[in-house]
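Colleague: Contents are mmCIF, C-alpha atoms; chains and numbers go by the auth columns; file name model-v2.cif:
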data_model
#
loop_
_atom_site.group_PDB
_atom_site.id
_atom_site.type_symbol
_atom_site.label_atom_id
_atom_site.label_comp_id
_atom_site.label_asym_id
_atom_site.label_seq_id
_atom_site.Cartn_x
_atom_site.Cartn_y
_atom_site.Cartn_z
_atom_site.B_iso_or_equiv
_atom_site.auth_seq_id
_atom_site.auth_asym_id
ATOM 1 C CA MET A 1 16.707 -43.509 -56.118 0.00 1 A
ATOM 2 C CA VAL A 2 18.907 -40.535 -55.282 0.00 2 A
ATOM 3 C CA GLU A 3 18.060 -36.892 -55.949 0.00 3 A
ATOM 4 C CA GLY A 4 18.843 -36.078 -59.516 0.00 4 A
ATOM 5 C CA GLY A 5 17.464 -39.407 -60.733 0.00 5 A
ATOM 6 C CA GLY A 6 20.530 -41.598 -60.161 0.00 6 A
ATOM 7 C CA GLU A 7 20.291 -45.076 -58.749 0.00 7 A
ATOM 8 C CA ALA A 8 22.143 -45.707 -55.486 0.00 8 A
ATOM 9 C CA VAL A 9 24.209 -48.865 -55.123 0.00 9 A
ATOM 10 C CA ASP A 10 22.522 -51.304 -52.752 0.00 10 A
ATOM 11 C CA PRO A 11 24.898 -51.744 -49.769 0.00 11 A
ATOM 12 C CA THR A 12 23.264 -55.040 -48.904 0.00 12 A
ATOM 13 C CA GLU A 13 24.406 -56.565 -52.201 0.00 13 A
ATOM 14 C CA PRO A 14 28.170 -57.221 -52.053 0.00 14 A
ATOM 15 C CA ASP A 15 28.153 -58.073 -55.771 0.00 15 A
ATOM 16 C CA ASP A 16 27.365 -54.422 -56.466 0.00 16 A
ATOM 17 C CA LEU A 17 30.837 -53.551 -55.188 0.00 17 A
ATOM 18 C CA GLU A 18 32.717 -55.684 -57.691 0.00 18 A
ATOM 19 C CA PRO A 19 32.775 -53.335 -60.679 0.00 19 A
ATOM 20 C CA GLU A 20 35.667 -50.933 -60.221 0.00 20 A
ATOM 21 C CA GLY A 21 33.502 -47.853 -60.635 0.00 21 A
ATOM 22 C CA ALA A 22 30.827 -48.858 -58.094 0.00 22 A
ATOM 23 C CA ILE A 23 32.750 -47.589 -55.096 0.00 23 A
ATOM 24 C CA LEU A 24 33.544 -44.339 -56.823 0.00 24 A
ATOM 25 C CA ALA A 25 29.867 -44.086 -57.815 0.00 25 A
ATOM 26 C CA TRP A 26 29.017 -44.326 -54.108 0.00 26 A
ATOM 27 C CA MET A 27 31.436 -41.480 -53.440 0.00 27 A
ATOM 28 C CA ARG A 28 29.691 -39.292 -56.016 0.00 28 A
ATOM 29 C CA VAL A 29 26.313 -39.644 -54.276 0.00 29 A
ATOM 30 C CA LEU A 30 27.455 -40.019 -50.667 0.00 30 A
ATOM 31 C CA ASP A 31 26.868 -36.390 -49.695 0.00 31 A
ATOM 32 C CA GLU A 32 23.389 -36.455 -51.252 0.00 32 A
ATOM 33 C CA LEU A 33 22.175 -39.393 -49.161 0.00 33 A
ATOM 34 C CA THR A 34 20.416 -39.106 -45.843 0.00 34 A
ATOM 35 C CA TYR A 35 21.436 -41.581 -43.183 0.00 35 A
ATOM 36 C CA TYR A 36 18.225 -43.477 -43.926 0.00 36 A
ATOM 37 C CA GLU A 37 18.977 -43.620 -47.654 0.00 37 A
ATOM 38 C CA LEU A 38 22.514 -44.768 -46.940 0.00 38 A
ATOM 39 C CA PHE A 39 21.112 -47.857 -45.215 0.00 39 A
ATOM 40 C CA GLY A 40 18.067 -48.202 -47.480 0.00 40 A
ATOM 41 C CA LEU A 41 15.687 -47.611 -44.557 0.00 41 A
ATOM 42 C CA PRO A 42 12.416 -45.702 -44.213 0.00 42 A
ATOM 43 C CA PRO A 43 12.450 -42.842 -41.662 0.00 43 A
ATOM 44 C CA ASP A 44 10.224 -44.864 -39.320 0.00 44 A
ATOM 45 C CA ALA A 45 12.625 -47.837 -39.194 0.00 45 A
ATOM 46 C CA SER A 46 12.857 -49.612 -35.853 0.00 46 A
ATOM 47 C CA ALA A 47 16.054 -49.919 -33.833 0.00 47 A
ATOM 48 C CA ASP A 48 16.304 -53.556 -34.937 0.00 48 A
ATOM 49 C CA ASP A 49 15.990 -52.487 -38.581 0.00 49 A
ATOM 50 C CA VAL A 50 18.792 -49.951 -38.084 0.00 50 A
ATOM 51 C CA HIS A 51 21.043 -52.599 -36.517 0.00 51 A
ATOM 52 C CA ALA A 52 20.334 -55.117 -39.279 0.00 52 A
ATOM 53 C CA ALA A 53 20.944 -52.531 -42.001 0.00 53 A
ATOM 54 C CA PHE A 54 24.197 -51.439 -40.372 0.00 54 A
ATOM 55 C CA HIS A 55 25.436 -55.020 -40.210 0.00 55 A
ATOM 56 C CA ALA A 56 24.622 -55.508 -43.897 0.00 56 A
ATOM 57 C CA PHE A 57 26.385 -52.213 -44.621 0.00 57 A
ATOM 58 C CA CYS A 58 29.456 -53.388 -42.680 0.00 58 A
ATOM 59 C CA ASP A 59 29.509 -56.661 -44.586 0.00 59 A
ATOM 60 C CA ALA A 60 29.781 -54.688 -47.796 0.00 60 A
ATOM 61 C CA PHE A 61 31.926 -51.725 -46.768 0.00 61 A
ATOM 62 C CA HIS A 62 34.217 -52.702 -43.924 0.00 62 A
ATOM 63 C CA PRO A 63 37.713 -51.624 -45.015 0.00 63 A
ATOM 64 C CA ASP A 64 39.176 -55.030 -44.107 0.00 64 A
ATOM 65 C CA ARG A 65 37.132 -56.552 -46.915 0.00 65 A
ATOM 66 C CA HIS A 66 38.803 -54.286 -49.468 0.00 66 A
ATOM 67 C CA VAL A 67 42.530 -54.540 -48.775 0.00 67 A
ATOM 68 C CA ALA A 68 43.255 -55.755 -52.326 0.00 68 A
ATOM 69 C CA ARG A 69 41.818 -52.610 -53.920 0.00 69 A
ATOM 70 C CA ASP A 70 44.006 -49.755 -55.084 0.00 70 A
ATOM 71 C CA GLU A 71 44.729 -46.872 -52.697 0.00 71 A
ATOM 72 C CA ARG A 72 42.082 -44.539 -54.161 0.00 72 A
ATOM 73 C CA GLU A 73 39.346 -47.152 -53.787 0.00 73 A
ATOM 74 C CA ARG A 74 40.489 -48.075 -50.256 0.00 74 A
ATOM 75 C CA GLN A 75 40.256 -44.404 -49.274 0.00 75 A
ATOM 76 C CA ALA A 76 36.764 -44.234 -50.791 0.00 76 A
ATOM 77 C CA VAL A 77 35.662 -47.375 -48.930 0.00 77 A
ATOM 78 C CA SER A 78 37.041 -45.915 -45.713 0.00 78 A
ATOM 79 C CA THR A 79 35.110 -42.671 -46.252 0.00 79 A
ATOM 80 C CA ILE A 80 31.897 -44.556 -47.008 0.00 80 A
ATOM 81 C CA PHE A 81 32.376 -46.797 -43.973 0.00 81 A
ATOM 82 C CA LYS A 82 32.981 -43.805 -41.694 0.00 82 A
ATOM 83 C CA ARG A 83 29.782 -42.192 -42.980 0.00 83 A
ATOM 84 C CA GLY A 84 27.896 -45.426 -42.295 0.00 84 A
ATOM 85 C CA THR A 85 29.297 -45.553 -38.762 0.00 85 A
ATOM 86 C CA GLU A 86 28.252 -41.937 -38.254 0.00 86 A
ATOM 87 C CA ALA A 87 24.766 -42.792 -39.549 0.00 87 A
ATOM 88 C CA PHE A 88 24.528 -45.779 -37.202 0.00 88 A
ATOM 89 C CA VAL A 89 25.536 -43.696 -34.182 0.00 89 A
ATOM 90 C CA VAL A 90 22.873 -41.104 -34.983 0.00 90 A
ATOM 91 C CA LEU A 91 20.068 -43.500 -35.939 0.00 91 A
ATOM 92 C CA SER A 92 20.626 -45.817 -32.965 0.00 92 A
ATOM 93 C CA ASP A 93 20.577 -43.003 -30.373 0.00 93 A
ATOM 94 C CA ASP A 94 17.025 -41.771 -29.723 0.00 94 A
ATOM 95 C CA GLY A 95 18.098 -38.225 -28.864 0.00 95 A
ATOM 96 C CA LEU A 96 20.436 -37.796 -31.821 0.00 96 A
ATOM 97 C CA ARG A 97 17.907 -39.406 -34.151 0.00 97 A
ATOM 98 C CA ALA A 98 15.140 -37.047 -33.016 0.00 98 A
ATOM 99 C CA HIS A 99 17.463 -34.078 -33.562 0.00 99 A
ATOM 100 C CA TYR A 100 18.446 -35.410 -36.999 0.00 100 A
ATOM 101 C CA ASP A 101 14.818 -36.035 -38.010 0.00 101 A
ATOM 102 C CA ALA A 102 13.870 -32.527 -36.907 0.00 102 A
ATOM 103 C CA GLN A 103 16.766 -31.109 -38.908 0.00 103 A
ATOM 104 C CA LEU A 104 15.678 -33.067 -41.999 0.00 104 A
ATOM 105 C CA ALA A 105 12.075 -31.871 -41.613 0.00 105 A
ATOM 106 C CA VAL A 106 13.096 -28.209 -41.483 0.00 106 A
ATOM 107 C CA GLU A 107 15.863 -28.099 -44.071 0.00 107 A
ATOM 108 C CA ALA A 108 16.072 -30.033 -47.294 0.00 108 A
ATOM 109 C CA ALA A 109 19.848 -29.691 -47.642 0.00 109 A
ATOM 110 C CA PRO A 110 21.458 -31.067 -44.463 0.00 110 A
ATOM 111 C CA ARG A 111 22.048 -34.758 -44.851 0.00 111 A
ATOM 112 C CA ARG A 112 24.423 -35.070 -41.898 0.00 112 A
ATOM 113 C CA LEU A 113 24.019 -34.111 -38.275 0.00 113 A
ATOM 114 C CA SER A 114 26.487 -31.536 -37.057 0.00 114 A
ATOM 115 C CA PHE A 115 28.362 -32.571 -33.936 0.00 115 A
ATOM 116 C CA SER A 116 30.011 -29.233 -33.287 0.00 116 A
ATOM 117 C CA ALA A 117 30.116 -27.942 -29.744 0.00 117 A
ATOM 118 C CA ARG A 118 28.223 -24.863 -30.970 0.00 118 A
ATOM 119 C CA SER A 119 25.197 -27.015 -31.834 0.00 119 A
ATOM 120 C CA ARG A 120 24.703 -27.998 -28.187 0.00 120 A
ATOM 121 C CA PRO A 121 23.047 -25.970 -25.482 0.00 121 A
ATOM 122 C CA PRO A 122 25.445 -24.438 -22.987 0.00 122 A
ATOM 123 C CA PRO A 123 26.005 -26.383 -19.741 0.00 123 A
ATOM 124 C CA SER A 124 24.061 -23.782 -17.728 0.00 124 A
ATOM 125 C CA SER A 125 20.879 -24.781 -19.591 0.00 125 A
ATOM 126 C CA ARG A 126 21.216 -28.409 -18.538 0.00 126 A
ATOM 127 C CA GLY A 127 19.942 -27.921 -15.045 0.00 127 A
ATOM 128 C CA PRO A 128 21.436 -28.643 -11.625 0.00 128 A
ATOM 129 C CA GLY A 129 23.297 -31.777 -12.757 0.00 129 A
ATOM 130 C CA GLY A 130 25.585 -29.740 -15.017 0.00 130 A
ATOM 131 C CA LEU A 131 27.330 -31.336 -17.979 0.00 131 A
ATOM 132 C CA ARG A 132 26.781 -35.069 -18.337 0.00 132 A
ATOM 133 C CA LEU A 133 29.776 -37.197 -19.238 0.00 133 A
ATOM 134 C CA GLU A 134 28.035 -38.134 -22.492 0.00 134 A
ATOM 135 C CA ASP A 135 27.825 -34.453 -23.395 0.00 135 A
ATOM 136 C CA ALA A 136 31.490 -33.916 -22.584 0.00 136 A
ATOM 137 C CA ALA A 137 32.420 -36.491 -25.229 0.00 137 A
ATOM 138 C CA ARG A 138 33.544 -34.721 -28.399 0.00 138 A
ATOM 139 C CA SER A 139 33.330 -37.777 -30.610 0.00 139 A
ATOM 140 C CA PRO A 140 29.909 -39.178 -31.524 0.00 140 A
ATOM 141 C CA THR A 141 31.330 -42.686 -31.281 0.00 141 A
ATOM 142 C CA ALA A 142 32.436 -42.085 -27.678 0.00 142 A
ATOM 143 C CA ARG A 143 29.041 -40.867 -26.459 0.00 143 A
ATOM 144 C CA PRO A 144 27.286 -44.235 -26.137 0.00 144 A
ATOM 145 C CA PHE A 145 30.195 -45.563 -24.080 0.00 145 A
ATOM 146 C CA ALA A 146 30.199 -42.488 -21.834 0.00 146 A
ATOM 147 C CA ARG A 147 26.416 -42.716 -21.381 0.00 147 A
ATOM 148 C CA ARG A 148 26.612 -46.393 -20.468 0.00 148 A
ATOM 149 C CA ALA A 149 29.500 -45.742 -18.070 0.00 149 A
ATOM 150 C CA GLU A 150 27.418 -43.162 -16.199 0.00 150 A
ATOM 151 C CA GLU A 151 24.517 -45.628 -15.955 0.00 151 A
ATOM 152 C CA LEU A 152 26.824 -48.336 -14.620 0.00 152 A
ATOM 153 C CA VAL A 153 28.402 -46.014 -12.043 0.00 153 A
ATOM 154 C CA ARG A 154 24.911 -45.105 -10.799 0.00 154 A
ATOM 155 C CA LYS A 155 24.129 -48.829 -10.491 0.00 155 A
ATOM 156 C CA GLY A 156 27.428 -49.436 -8.677 0.00 156 A
ATOM 157 C CA ASP A 157 28.949 -51.687 -11.371 0.00 157 A
ATOM 158 C CA LEU A 158 32.347 -50.010 -11.441 0.00 158 A
ATOM 159 C CA ARG A 159 34.172 -52.807 -13.296 0.00 159 A
ATOM 160 C CA GLN A 160 31.850 -52.566 -16.294 0.00 160 A
ATOM 161 C CA ALA A 161 31.855 -48.764 -16.039 0.00 161 A
ATOM 162 C CA LYS A 162 35.638 -48.847 -16.290 0.00 162 A
ATOM 163 C CA LEU A 163 35.433 -50.933 -19.492 0.00 163 A
ATOM 164 C CA GLN A 164 32.969 -48.459 -20.995 0.00 164 A
ATOM 165 C CA LEU A 165 35.214 -45.535 -20.047 0.00 165 A
ATOM 166 C CA VAL A 166 38.245 -47.234 -21.571 0.00 166 A
ATOM 167 C CA MET A 167 36.291 -47.526 -24.835 0.00 167 A
ATOM 168 C CA ALA A 168 35.064 -43.923 -24.595 0.00 168 A
ATOM 169 C CA ASN A 169 38.657 -42.733 -24.095 0.00 169 A
ATOM 170 C CA HIS A 170 39.779 -44.849 -27.044 0.00 170 A
ATOM 171 C CA MET A 171 37.116 -43.228 -29.254 0.00 171 A
ATOM 172 C CA ASP A 172 37.854 -39.710 -27.964 0.00 172 A
ATOM 173 C CA PRO A 173 41.567 -39.557 -27.054 0.00 173 A
ATOM 174 C CA GLY A 174 42.767 -36.619 -25.010 0.00 174 A
ATOM 175 C CA ASN A 175 39.323 -35.777 -23.612 0.00 175 A
ATOM 176 C CA GLU A 176 40.037 -34.504 -20.106 0.00 176 A
ATOM 177 C CA ALA A 177 36.523 -35.190 -18.785 0.00 177 A
ATOM 178 C CA LEU A 178 36.586 -38.809 -19.943 0.00 178 A
ATOM 179 C CA GLU A 179 40.123 -39.313 -18.644 0.00 179 A
ATOM 180 C CA ALA A 180 39.145 -37.839 -15.250 0.00 180 A
ATOM 181 C CA ALA A 181 36.077 -40.085 -15.059 0.00 181 A
ATOM 182 C CA LEU A 182 38.235 -43.136 -15.812 0.00 182 A
ATOM 183 C CA ARG A 183 40.773 -42.145 -13.124 0.00 183 A
ATOM 184 C CA ASP A 184 37.922 -41.647 -10.652 0.00 184 A
ATOM 185 C CA VAL A 185 36.449 -45.104 -11.345 0.00 185 A
ATOM 186 C CA GLU A 186 39.893 -46.737 -11.175 0.00 186 A
ATOM 187 C CA GLU A 187 40.480 -45.054 -7.808 0.00 187 A
ATOM 188 C CA LYS A 188 37.167 -46.340 -6.475 0.00 188 A
ATOM 189 C CA LEU A 189 38.037 -49.872 -7.623 0.00 189 A
ATOM 190 C CA LYS A 190 41.243 -49.932 -5.518 0.00 190 A
#
Using the file provided, produce a representation of the structure as structure tokens.

Modeller:
Amino acid sequence: MVEGGGEAVDPTEPDDLEPEGAILAWMRVLDELTYYELFGLPPDASADDVHAAFHAFCDAFHPDRHVARDERERQAVSTIFKRGTEAFVVLSDDGLRAHYDAQLAVEAAPRRLSFSARSRPPPSSRGPGGLRLEDAARSPTARPFARRAEELVRKGDLRQAKLQLVMANHMDPGNEALEAALRDVEEKLK
């Protein structure tokens, strides 16, 4: 049930997507749904529950499954899928999820987590280590790759760190910090 009394389409039921208006119905309620509601999860869902719900969501909303639809519906599916990816990134990262849950508890209106640079503490408040590579990533989809790359560099696994940095750079093109980290790892691998 969505605020205002409307029923949300169940993303785990691909048959719900067949009527032409179902995708557009999703678009009408998309901004009203929390990330949990988008996946049909309770707020205390486990990490495994989040992963399973995201996979079911992808089965229903991946744009490649909707290439035969008209342009307007393909754009809607793309928007819904991007929101689901955003939700997965937030709900599968403990820090982002805690921030999101706190934001939901304080304010009734915000359904999405803001990723603006202004929402983060300044680098000086991060302590002697300065800005982590994960925090330098502008794109929420690049952060997990940057975080993992830092872990792998600390462990000395530079080959895997390079792969993670390549993905981080792909998700956040033009990010000087990520590009510099990749160059640094590539130099160490020589």

Colleague: I need the residue set behind the PyMOL selection byres ((chain A and resi 181) around 10) for this file; please write it as an MDAnalysis selection string.

Modeller: chainID A and resid 133 146 149:150 161:162 165:166 169 176:180 182:187

Colleague: Could you tell me how far atom CA of Val106 of chain A sits from atom CA of Thr79 of chain A, in Å to one decimal place?

Modeller: 26.8 Å

Colleague: Check which residues satisfy the PyMOL selection byres ((chain A and resi 139) around 9) in the file shown, then give them as number ranges by chain.

Modeller: A: 115, 137-138, 140-143, 168, 171-172

Colleague: Go ahead and compute the interatomic distance for atom CA of Glu71 of chain A and atom CA of Arg28 of chain A, in Å to one decimal.

Modeller: 17.2 Å

Colleague: Calculated over only C-alpha atoms, which of the candidates A:Pro43, A:Arg74, A:Pro63, A:Asn175 has the smallest distance to Arg97 of chain A?

Modeller: A:Pro43

Colleague: Could you please determine the separation between atom CA of Met167 of chain A and atom CA of Val67 of chain A in Å, to one decimal place?

Modeller: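 Here the two named atoms are 25.7 Å from each other.
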
Colleague: Using the chain letters and residue numbers of this document, give as a PyMOL selection string the residues selected by the PyMOL selection byres ((chain A and resi 91) around 12).

Modeller: chain A and resi 34-39+41-51+53-54+84-90+92-101+112-113+140

Colleague: Would you list the contacts of Gln75 of chain A as a PyMOL selection string, taking every protein, DNA or RNA residue within 12 Å and counting all atoms listed in the file, but skipping same-chain residues closer than 3 positions in sequence?

Modeller: chain A and resi 23-24+27+61-64+66-67+69-72+78-82
